[in-house]
Protein chains: 2
Amino acid sequence: MKEHMTPATRMTGHTQRGQCAKRMSILDAAADVFCRQGFAGASIDEIAAVACVSRQTIYNHYREKETLFVAVVEDVMNRANAMLFSVLSTFPERAEDLEDDLTAFAVRLNKNCICNHDGKFLRKLVQTEGERYPHLFESWRQQGPGKLITALSALLGRLAHKGALAIDDFDVAARQFVALGNADLQMMILLGATPTDEELEKAARNAVRTFLKAYGRPEAEKAGHPPQLAAISG
Amino acid sequence: MKEHMTPATRMTGHTQRGQCAKRMSILDAAADVFCRQGFAGASIDEIAAVACVSRQTIYNHYREKETLFVAVVEDVMNRANAMLFSVLSTFPERAEDLEDDLTAFAVRLNKNCICNHDGKFLRKLVQTEGERYPHLFESWRQQGPGKLITALSALLGRLAHKGALAIDDFDVAARQFVALGNADLQMMILLGATPTDEELEKAARNAVRTFLKAYGRPEAEKAGHPPQLAAISG
DNA sequence: GTAAAAGTAGACGCCATTGTCTAAAACGTC
DNA sequence: GACGTTTTAGACAATGGCGTCTACTTTTAC
């Protein structure tokens, strides 16, 4: 019953830890297999093998395949949600060094929320089974991209309010920031490969440079003198 | 019953036309079912039902499920390829009315290549079965996004050469153009829904505006005097 | 009109998978 | 060491899909 959360050992220190470990092992294995094979293609036996657990144990914890599936999705979505929240809290607040700070933020966002295991899983599953489970799709959309854009929009608004950016539509700008950040990684994202740190850095750099060319107010960055003219006039 | 009609009346005008119609009917139905259910989840019986054809007929034309699958992928890829080529040939060449022309181009690209039936099918299939059929993924990547970026890169280069754009890295700019164009449509693209013409127009407008803010040279548009300084100095 | 080719319907064997059941083993607690 | 819970391994029926086969009908070519 009290499986989730940290190794809590609540409930009078029952055999909960063993059970909890099994459950997590099953969830991880199931996520792996579901992600690779899709719901229809995944077999309980394979999940059991990957989890190093007997098939019956899976049926003990989750009555049927579908129950296991939704449990996996919930589990991954919770993790991904927490990670997204954590990354969003590192969005730069100061107008100085904006390019570097935004770049570092874009790297964190891509690395920890979009190109990581959970991001890949959710994208693939939503793509694969989204039509069959509309609720799954809707829930993911709201908690994932929805929250991301809303939050980013507000954060960009704060920077704009400080005079660091010149944005007319914050929502559009937020979506464009994410889109630009993914522009160079699309292929890897689709394949599910994990980009190297260099690739992440370069992609983020390209994205932020273009984003700031479109929305930046160079003067705020250095102090208050006309900027970037050198680049343009050159 | 002989709607599509490719130039296939070879073979002394045999029964090819009837066969051809059946084949296409099967291919269409199979694309539909494979797209919705994935390879593992798709059943030959369902495909036969959708195609209004007996199961045996499918086995007559394509020896087994996998043969049918690759035939479907090839078929859709050929269509998508032709469409991409056709759309790319409408890329604007003149520097006047660049914003409107680029917007119209982005609309065409999104509508006919990315948000259409074939685009959805390929994206979903590549996502779903890409790891199981690396060849499929690679082939799609080269002929689809690869060609698109290469071509766009060259076309942007021509505009830049004419002084209409200020681009340092054409490849990056091409990817960003596509990414910006999709920014507002990501959700619909993932779900496979078809955006309305208004949504397409608005998304393209937002994308091109930002793209031109980053890469545009307003002077070229009007006549030929130093540009963008007004925007920056303001 | 006739004969060959293509398409149909249905039955069939085969195999993988799901989900249940049972009896034995492992584990943790007292 | 004894007890209850959990896990395990394997057998089991039921289901459903794949791919084959056969006998029948329709279409097409000449």
# chains A, B, ... in the order shown; residues from 1 in each chain; ligands from 1
call {"tool": "calpha_fit_rmsd", "arguments": {"fixed": "chain A", "moving": "chain B"}}
result
2.4 Å
call {"tool": "interface_residues", "arguments": {"of": "chain D", "to": "chain B", "cutoff": "10 Å", "atoms": "only C-alpha atoms (C1' of nucleotides)", "output": "VMD selection string"}}
result
chain D and resid 16 to 20 27 to 29
call {"tool": "write_last_selection", "arguments": {"atoms": "N, CA, C and O atoms (P, O5', C5', C4', C3', O3' and C1' of nucleotides)", "output": "mmCIF file, in the first residue's frame"}}
result
data_model
loop_
_atom_site.group_PDB
_atom_site.id
_atom_site.type_symbol
_atom_site.label_atom_id
_atom_site.label_comp_id
_atom_site.auth_asym_id
_atom_site.auth_seq_id
_atom_site.Cartn_x
_atom_site.Cartn_y
_atom_site.Cartn_z
ATOM 1 P P DG D 16 -10.277 -13.521 -28.395
ATOM 2 O "O5'" DG D 16 -9.003 -13.208 -29.286
ATOM 3 C "C5'" DG D 16 -7.843 -12.646 -28.669
ATOM 4 C "C4'" DG D 16 -6.687 -12.747 -29.642
ATOM 5 C "C3'" DG D 16 -7.113 -12.580 -31.109
ATOM 6 O "O3'" DG D 16 -6.186 -11.757 -31.773
ATOM 7 C "C1'" DG D 16 -5.913 -14.576 -30.838
ATOM 8 P P DG D 17 -6.660 -11.052 -33.174
ATOM 9 O "O5'" DG D 17 -5.318 -11.016 -33.995
ATOM 10 C "C5'" DG D 17 -4.103 -10.721 -33.337
ATOM 11 C "C4'" DG D 17 -3.031 -11.616 -33.911
ATOM 12 C "C3'" DG D 17 -3.054 -11.666 -35.445
ATOM 13 O "O3'" DG D 17 -1.847 -11.131 -35.964
ATOM 14 C "C1'" DG D 17 -2.920 -13.846 -34.487
ATOM 15 P P DC D 18 -1.709 -10.985 -37.535
ATOM 16 O "O5'" DC D 18 -0.792 -12.195 -37.975
ATOM 17 C "C5'" DC D 18 0.416 -12.449 -37.293
ATOM 18 C "C4'" DC D 18 1.000 -13.765 -37.769
ATOM 19 C "C3'" DC D 18 1.149 -13.871 -39.280
ATOM 20 O "O3'" DC D 18 2.457 -14.320 -39.587
ATOM 21 C "C1'" DC D 18 -0.098 -15.707 -38.431
ATOM 22 P P DG D 19 3.132 -13.856 -41.000
ATOM 23 O "O5'" DG D 19 2.777 -15.130 -41.875
ATOM 24 C "C5'" DG D 19 3.334 -16.367 -41.463
ATOM 25 C "C4'" DG D 19 2.573 -17.510 -42.062
ATOM 26 C "C3'" DG D 19 2.336 -17.430 -43.578
ATOM 27 O "O3'" DG D 19 2.951 -18.557 -44.173
ATOM 28 C "C1'" DG D 19 0.393 -18.128 -42.424
ATOM 29 P P DT D 20 2.747 -18.867 -45.725
ATOM 30 O "O5'" DT D 20 1.750 -20.112 -45.689
ATOM 31 C "C5'" DT D 20 2.025 -21.190 -44.795
ATOM 32 C "C4'" DT D 20 1.020 -22.321 -45.002
ATOM 33 C "C3'" DT D 20 0.732 -22.640 -46.475
ATOM 34 O "O3'" DT D 20 0.839 -24.049 -46.662
ATOM 35 C "C1'" DT D 20 -1.297 -22.243 -45.293
ATOM 36 P P DT D 27 -17.379 -9.470 -60.539
ATOM 37 O "O5'" DT D 27 -16.019 -9.352 -61.348
ATOM 38 C "C5'" DT D 27 -14.807 -9.102 -60.643
ATOM 39 C "C4'" DT D 27 -13.625 -9.401 -61.534
ATOM 40 C "C3'" DT D 27 -13.604 -8.633 -62.860
ATOM 41 O "O3'" DT D 27 -12.455 -7.806 -62.879
ATOM 42 C "C1'" DT D 27 -13.038 -10.910 -63.165
ATOM 43 P P DT D 28 -12.351 -6.672 -64.049
ATOM 44 O "O5'" DT D 28 -11.442 -7.425 -65.117
ATOM 45 C "C5'" DT D 28 -10.163 -7.907 -64.720
ATOM 46 C "C4'" DT D 28 -9.603 -8.803 -65.816
ATOM 47 C "C3'" DT D 28 -9.610 -8.160 -67.209
ATOM 48 O "O3'" DT D 28 -8.266 -8.008 -67.645
ATOM 49 C "C1'" DT D 28 -10.349 -10.428 -67.262
ATOM 50 P P DA D 29 -7.959 -7.462 -69.104
ATOM 51 O "O5'" DA D 29 -7.713 -8.821 -69.884
ATOM 52 C "C5'" DA D 29 -6.777 -9.767 -69.369
ATOM 53 C "C4'" DA D 29 -6.496 -10.834 -70.421
ATOM 54 C "C3'" DA D 29 -6.316 -10.288 -71.839
ATOM 55 O "O3'" DA D 29 -5.320 -11.083 -72.492
ATOM 56 C "C1'" DA D 29 -8.203 -11.737 -71.774
#
call {"tool": "residues_around", "arguments": {"residues": "A:Cys35", "least_positions_apart": "5", "cutoff": "7 Å", "atoms": "only C-alpha atoms (C1' of nucleotides)", "output": "PyMOL selection string"}}
result
chain A and resi 121+124-125
call {"tool": "residues_around", "arguments": {"residues": "C:DA23", "least_positions_apart": "6", "cutoff": "12 Å", "atoms": "only C-alpha atoms (C1' of nucleotides)", "output": "PyMOL selection string"}}
result
chain D and resi 8-11
call {"tool": "select_by_dssp", "arguments": {"residues": "stretch 24-222 of chain A", "states": "alpha helix (DSSP H)", "output": "ChimeraX atom specification"}}
result
/A:24-41,44-51,55-61,65-88,98-109,117-129,134-141,147-161,170-183,186-191,197-215,218-222
call {"tool": "closest_atom_pairs", "arguments": {"of": "chain B", "to": "chain C", "cutoff": "10 Å", "atoms": "only C-alpha atoms (C1' of nucleotides)", "output": "JSON lines"}}
result
{"residue": "B:Thr15", "atom": "CA", "partner": "C:DA5", "partner_atom": "C1'", "distance": 8.3}
{"residue": "B:Gly18", "atom": "CA", "partner": "C:DA6", "partner_atom": "C1'", "distance": 8.9}
{"residue": "B:Gln19", "atom": "CA", "partner": "C:DA6", "partner_atom": "C1'", "distance": 8.0}
{"residue": "B:Lys22", "atom": "CA", "partner": "C:DG7", "partner_atom": "C1'", "distance": 9.8}
{"residue": "B:Val53", "atom": "CA", "partner": "C:DG7", "partner_atom": "C1'", "distance": 8.2}
{"residue": "B:Ser54", "atom": "CA", "partner": "C:DT8", "partner_atom": "C1'", "distance": 6.1}
{"residue": "B:Arg55", "atom": "CA", "partner": "C:DT8", "partner_atom": "C1'", "distance": 8.9}
{"residue": "B:Gln56", "atom": "CA", "partner": "C:DT8", "partner_atom": "C1'", "distance": 8.1}
{"residue": "B:Thr57", "atom": "CA", "partner": "C:DG7", "partner_atom": "C1'", "distance": 6.5}
{"residue": "B:Asn60", "atom": "CA", "partner": "C:DA6", "partner_atom": "C1'", "distance": 9.5}
call {"tool": "write_last_selection", "arguments": {"atoms": "C-alpha atoms", "output": "PDB file, in the first residue's frame"}}
result
ATOM      1  CA  THR B  15      -5.084  -7.438 -65.366  1.00  0.00           C
ATOM      2  CA  GLY B  18      -7.365  -4.459 -61.082  1.00  0.00           C
ATOM      3  CA  GLN B  19      -4.360  -5.759 -59.236  1.00  0.00           C
ATOM      4  CA  LYS B  22      -6.175  -3.863 -54.874  1.00  0.00           C
ATOM      5  CA  VAL B  53     -10.244  -7.413 -49.298  1.00  0.00           C
ATOM      6  CA  SER B  54      -9.904 -10.988 -48.221  1.00  0.00           C
ATOM      7  CA  ARG B  55      -6.984 -11.897 -46.021  1.00  0.00           C
ATOM      8  CA  GLN B  56      -5.680 -14.301 -48.602  1.00  0.00           C
ATOM      9  CA  THR B  57      -5.383 -11.530 -51.163  1.00  0.00           C
ATOM     10  CA  ASN B  60      -0.943 -13.217 -52.337  1.00  0.00           C
TER      11      ASN B  60
END
call {"tool": "atom_distance", "arguments": {"atom1": "atom CA of B:Leu155", "atom2": "atom CA of B:Arg123"}}
result
24.6 Å
call {"tool": "closest_residue", "arguments": {"among": "A:Leu136, A:Cys113, A:Ala49, A:Ala214", "to": "chain B", "atoms": "only C-alpha atoms"}}
result
A:Ala214
call {"tool": "closest_atom_pairs", "arguments": {"of": "chain B", "to": "chain A", "cutoff": "9 Å", "atoms": "only C-alpha atoms", "output": "Markdown table"}}
result
| residue | atom | partner | partner_atom | distance |
| --- | --- | --- | --- | --- |
| B:Cys35 | CA | A:Thr128 | CA | 8.8 |
| B:Arg36 | CA | A:Glu131 | CA | 7.6 |
| B:Gln37 | CA | A:Thr128 | CA | 7.9 |
| B:Gly38 | CA | A:Thr128 | CA | 7.4 |
| B:Phe39 | CA | A:Gly41 | CA | 8.4 |
| B:Ala40 | CA | A:Gly41 | CA | 5.3 |
| B:Gly41 | CA | A:Ala40 | CA | 5.3 |
| B:Arg123 | CA | A:Leu190 | CA | 8.6 |
| B:Lys124 | CA | A:Gln127 | CA | 6.7 |
| B:Leu125 | CA | A:Thr128 | CA | 8.8 |
| B:Val126 | CA | A:Leu190 | CA | 8.0 |
| B:Gln127 | CA | A:Leu190 | CA | 6.1 |
| B:Thr128 | CA | A:Thr128 | CA | 6.5 |
| B:Glu129 | CA | A:Gln37 | CA | 8.2 |
| B:Gly130 | CA | A:Leu191 | CA | 6.8 |
| B:Glu131 | CA | A:Leu191 | CA | 7.3 |
| B:Arg132 | CA | A:Arg36 | CA | 8.4 |
| B:Phe137 | CA | A:Leu191 | CA | 8.0 |
| B:Arg141 | CA | A:Met187 | CA | 7.8 |
| B:Pro145 | CA | A:Met187 | CA | 8.6 |
| B:Ala166 | CA | A:Ile232 | CA | 8.6 |
| B:Val172 | CA | A:Asp184 | CA | 7.4 |
| B:Ala173 | CA | A:Thr210 | CA | 8.8 |
| B:Arg175 | CA | A:Ala183 | CA | 5.7 |
| B:Gln176 | CA | A:Ala183 | CA | 5.6 |
| B:Phe177 | CA | A:Ala183 | CA | 8.7 |
| B:Val178 | CA | A:Ala183 | CA | 7.8 |
| B:Ala179 | CA | A:Ala183 | CA | 5.3 |
| B:Leu180 | CA | A:Gln176 | CA | 6.0 |
| B:Gly181 | CA | A:Ala179 | CA | 8.9 |
| B:Asn182 | CA | A:Ala179 | CA | 7.6 |
| B:Ala183 | CA | A:Ala179 | CA | 5.3 |
| B:Asp184 | CA | A:Arg175 | CA | 6.6 |
| B:Gln186 | CA | A:Ala179 | CA | 8.8 |
| B:Met187 | CA | A:Arg141 | CA | 7.8 |
| B:Leu190 | CA | A:Gln127 | CA | 6.2 |
| B:Leu191 | CA | A:Gln127 | CA | 6.8 |
| B:Gly192 | CA | A:Gln127 | CA | 8.7 |
| B:Asn206 | CA | A:Val172 | CA | 7.4 |
| B:Ala207 | CA | A:Gln176 | CA | 7.9 |
| B:Arg209 | CA | A:Ala214 | CA | 8.8 |
| B:Thr210 | CA | A:Ala214 | CA | 5.8 |
| B:Phe211 | CA | A:Ala214 | CA | 7.3 |
| B:Leu212 | CA | A:Ala214 | CA | 7.8 |
| B:Lys213 | CA | A:Ala214 | CA | 4.7 |
| B:Ala214 | CA | A:Ala214 | CA | 4.4 |
| B:Tyr215 | CA | A:Lys213 | CA | 7.9 |
| B:Pro226 | CA | A:Ser233 | CA | 9.0 |
| B:Leu229 | CA | A:Leu229 | CA | 8.0 |
| B:Ile232 | CA | A:Arg217 | CA | 7.7 |
| B:Ser233 | CA | A:Pro226 | CA | 6.7 |
call {"tool": "atom_distance", "arguments": {"atom1": "atom CA of A:Asp101", "atom2": "atom CA of A:Ser86"}}
result
16.0 Å
call {"tool": "atom_distance", "arguments": {"atom1": "atom CA of A:Pro195", "atom2": "atom CA of A:Asn116"}}
result
9.5 Å
call {"tool": "residues_around", "arguments": {"residues": "B:Asp118", "least_positions_apart": "3", "cutoff": "10 Å", "atoms": "only C-alpha atoms (C1' of nucleotides)", "output": "ChimeraX atom specification"}}
result
/B:31,35,73,75-81,83,112-115,121-124
call {"tool": "write_last_selection", "arguments": {"atoms": "C-alpha atoms", "output": "PDB file, in the first residue's frame"}}
result
ATOM      1  CA  ALA B  31      -0.798   2.369 -43.525  1.00  0.00           C
ATOM      2  CA  CYS B  35      -0.136   3.879 -37.918  1.00  0.00           C
ATOM      3  CA  VAL B  73       6.772   2.415 -45.675  1.00  0.00           C
ATOM      4  CA  ASP B  75       5.069   3.743 -50.649  1.00  0.00           C
ATOM      5  CA  VAL B  76       4.443   6.485 -48.132  1.00  0.00           C
ATOM      6  CA  MET B  77       8.039   7.620 -48.276  1.00  0.00           C
ATOM      7  CA  ASN B  78       7.900   7.993 -52.036  1.00  0.00           C
ATOM      8  CA  ARG B  79       4.766  10.094 -51.830  1.00  0.00           C
ATOM      9  CA  ALA B  80       6.157  12.216 -49.029  1.00  0.00           C
ATOM     10  CA  ASN B  81       9.387  12.684 -50.917  1.00  0.00           C
ATOM     11  CA  MET B  83       5.580  16.299 -51.988  1.00  0.00           C
ATOM     12  CA  ASN B 112       1.719  19.380 -46.988  1.00  0.00           C
ATOM     13  CA  CYS B 113       4.798  17.753 -45.537  1.00  0.00           C
ATOM     14  CA  ILE B 114       4.612  17.724 -41.778  1.00  0.00           C
ATOM     15  CA  CYS B 115       1.003  17.843 -40.640  1.00  0.00           C
ATOM     16  CA  PHE B 121       2.517   8.167 -40.496  1.00  0.00           C
ATOM     17  CA  LEU B 122       6.249   8.398 -41.036  1.00  0.00           C
ATOM     18  CA  ARG B 123       6.942  10.214 -37.809  1.00  0.00           C
ATOM     19  CA  LYS B 124       4.917   7.733 -35.811  1.00  0.00           C
TER      20      LYS B 124
END
call {"tool": "closest_residue", "arguments": {"among": "B:Glu201, B:Asp168, B:Asp97, B:Glu74", "to": "B:Ser139", "atoms": "only C-alpha atoms"}}
result
B:Glu74
call {"tool": "residues_around", "arguments": {"residues": "A:Pro92", "least_positions_apart": "4", "cutoff": "12 Å", "atoms": "only C-alpha atoms (C1' of nucleotides)", "output": "number ranges by chain"}}
result
A: 87-88, 96-106, 108, 152, 155-159, 164
call {"tool": "residues_around", "arguments": {"residues": "B:Leu27", "least_positions_apart": "3", "cutoff": "8 Å", "atoms": "only C-alpha atoms (C1' of nucleotides)", "output": "ChimeraX atom specification"}}
result
/B:23-24,30-31,68,71-72,75
call {"tool": "decode", "arguments": {"residues": "stretch 69-133 of chain B", "atoms": "C-alpha atoms", "output": "short mmCIF file (atom, residue, chain, number, x, y, z; two decimals), in the first residue's frame"}}
result
data_model
loop_
_atom_site.label_atom_id
_atom_site.label_comp_id
_atom_site.auth_asym_id
_atom_site.auth_seq_id
_atom_site.Cartn_x
_atom_site.Cartn_y
_atom_site.Cartn_z
CA PHE B 69 5.08 -3.35 -43.74
CA VAL B 70 8.16 -2.38 -45.71
CA ALA B 71 6.05 -1.97 -48.84
CA VAL B 72 3.82 0.45 -46.98
CA VAL B 73 6.77 2.41 -45.67
CA GLU B 74 8.33 2.64 -49.11
CA ASP B 75 5.07 3.74 -50.65
CA VAL B 76 4.44 6.48 -48.13
CA MET B 77 8.04 7.62 -48.28
CA ASN B 78 7.90 7.99 -52.04
CA ARG B 79 4.77 10.09 -51.83
CA ALA B 80 6.16 12.22 -49.03
CA ASN B 81 9.39 12.68 -50.92
CA ALA B 82 7.66 13.91 -54.03
CA MET B 83 5.58 16.30 -51.99
CA LEU B 84 8.62 17.65 -50.19
CA PHE B 85 10.39 18.22 -53.46
CA SER B 86 7.37 19.98 -54.85
CA VAL B 87 7.03 22.26 -51.84
CA LEU B 88 10.72 23.06 -51.76
CA SER B 89 10.50 24.27 -55.34
CA THR B 90 8.18 27.05 -54.17
CA PHE B 91 10.70 28.64 -51.84
CA PRO B 92 10.74 32.41 -52.42
CA GLU B 93 13.57 33.80 -54.51
CA ARG B 94 12.91 37.51 -54.35
CA ALA B 95 13.81 39.70 -51.43
CA GLU B 96 10.65 41.78 -51.68
CA ASP B 97 7.72 40.79 -49.50
CA LEU B 98 10.02 38.34 -47.84
CA GLU B 99 7.94 38.03 -44.70
CA ASP B 100 4.77 37.19 -46.57
CA ASP B 101 6.51 34.88 -48.97
CA LEU B 102 8.36 33.00 -46.25
CA THR B 103 5.17 32.73 -44.24
CA ALA B 104 3.30 31.27 -47.16
CA PHE B 105 6.15 28.85 -47.72
CA ALA B 106 6.13 27.79 -44.08
CA VAL B 107 2.41 27.20 -44.32
CA ARG B 108 2.87 25.00 -47.35
CA LEU B 109 5.69 23.09 -45.71
CA ASN B 110 3.76 22.43 -42.53
CA LYS B 111 0.50 21.68 -44.24
CA ASN B 112 1.72 19.38 -46.99
CA CYS B 113 4.80 17.75 -45.54
CA ILE B 114 4.61 17.72 -41.78
CA CYS B 115 1.00 17.84 -40.64
CA ASN B 116 -0.44 15.72 -43.40
CA HIS B 117 -1.30 12.05 -43.39
CA ASP B 118 2.03 10.83 -44.68
CA GLY B 119 4.06 12.99 -42.39
CA LYS B 120 2.16 11.76 -39.39
CA PHE B 121 2.52 8.17 -40.50
CA LEU B 122 6.25 8.40 -41.04
CA ARG B 123 6.94 10.21 -37.81
CA LYS B 124 4.92 7.73 -35.81
CA LEU B 125 6.33 4.70 -37.49
CA VAL B 126 9.89 5.89 -37.26
CA GLN B 127 9.33 6.65 -33.61
CA THR B 128 7.65 3.34 -32.93
CA GLU B 129 9.75 0.96 -34.98
CA GLY B 130 12.88 3.00 -35.57
CA GLU B 131 14.96 1.00 -33.13
CA ARG B 132 13.74 -2.31 -34.47
CA TYR B 133 14.43 -1.33 -38.08
#
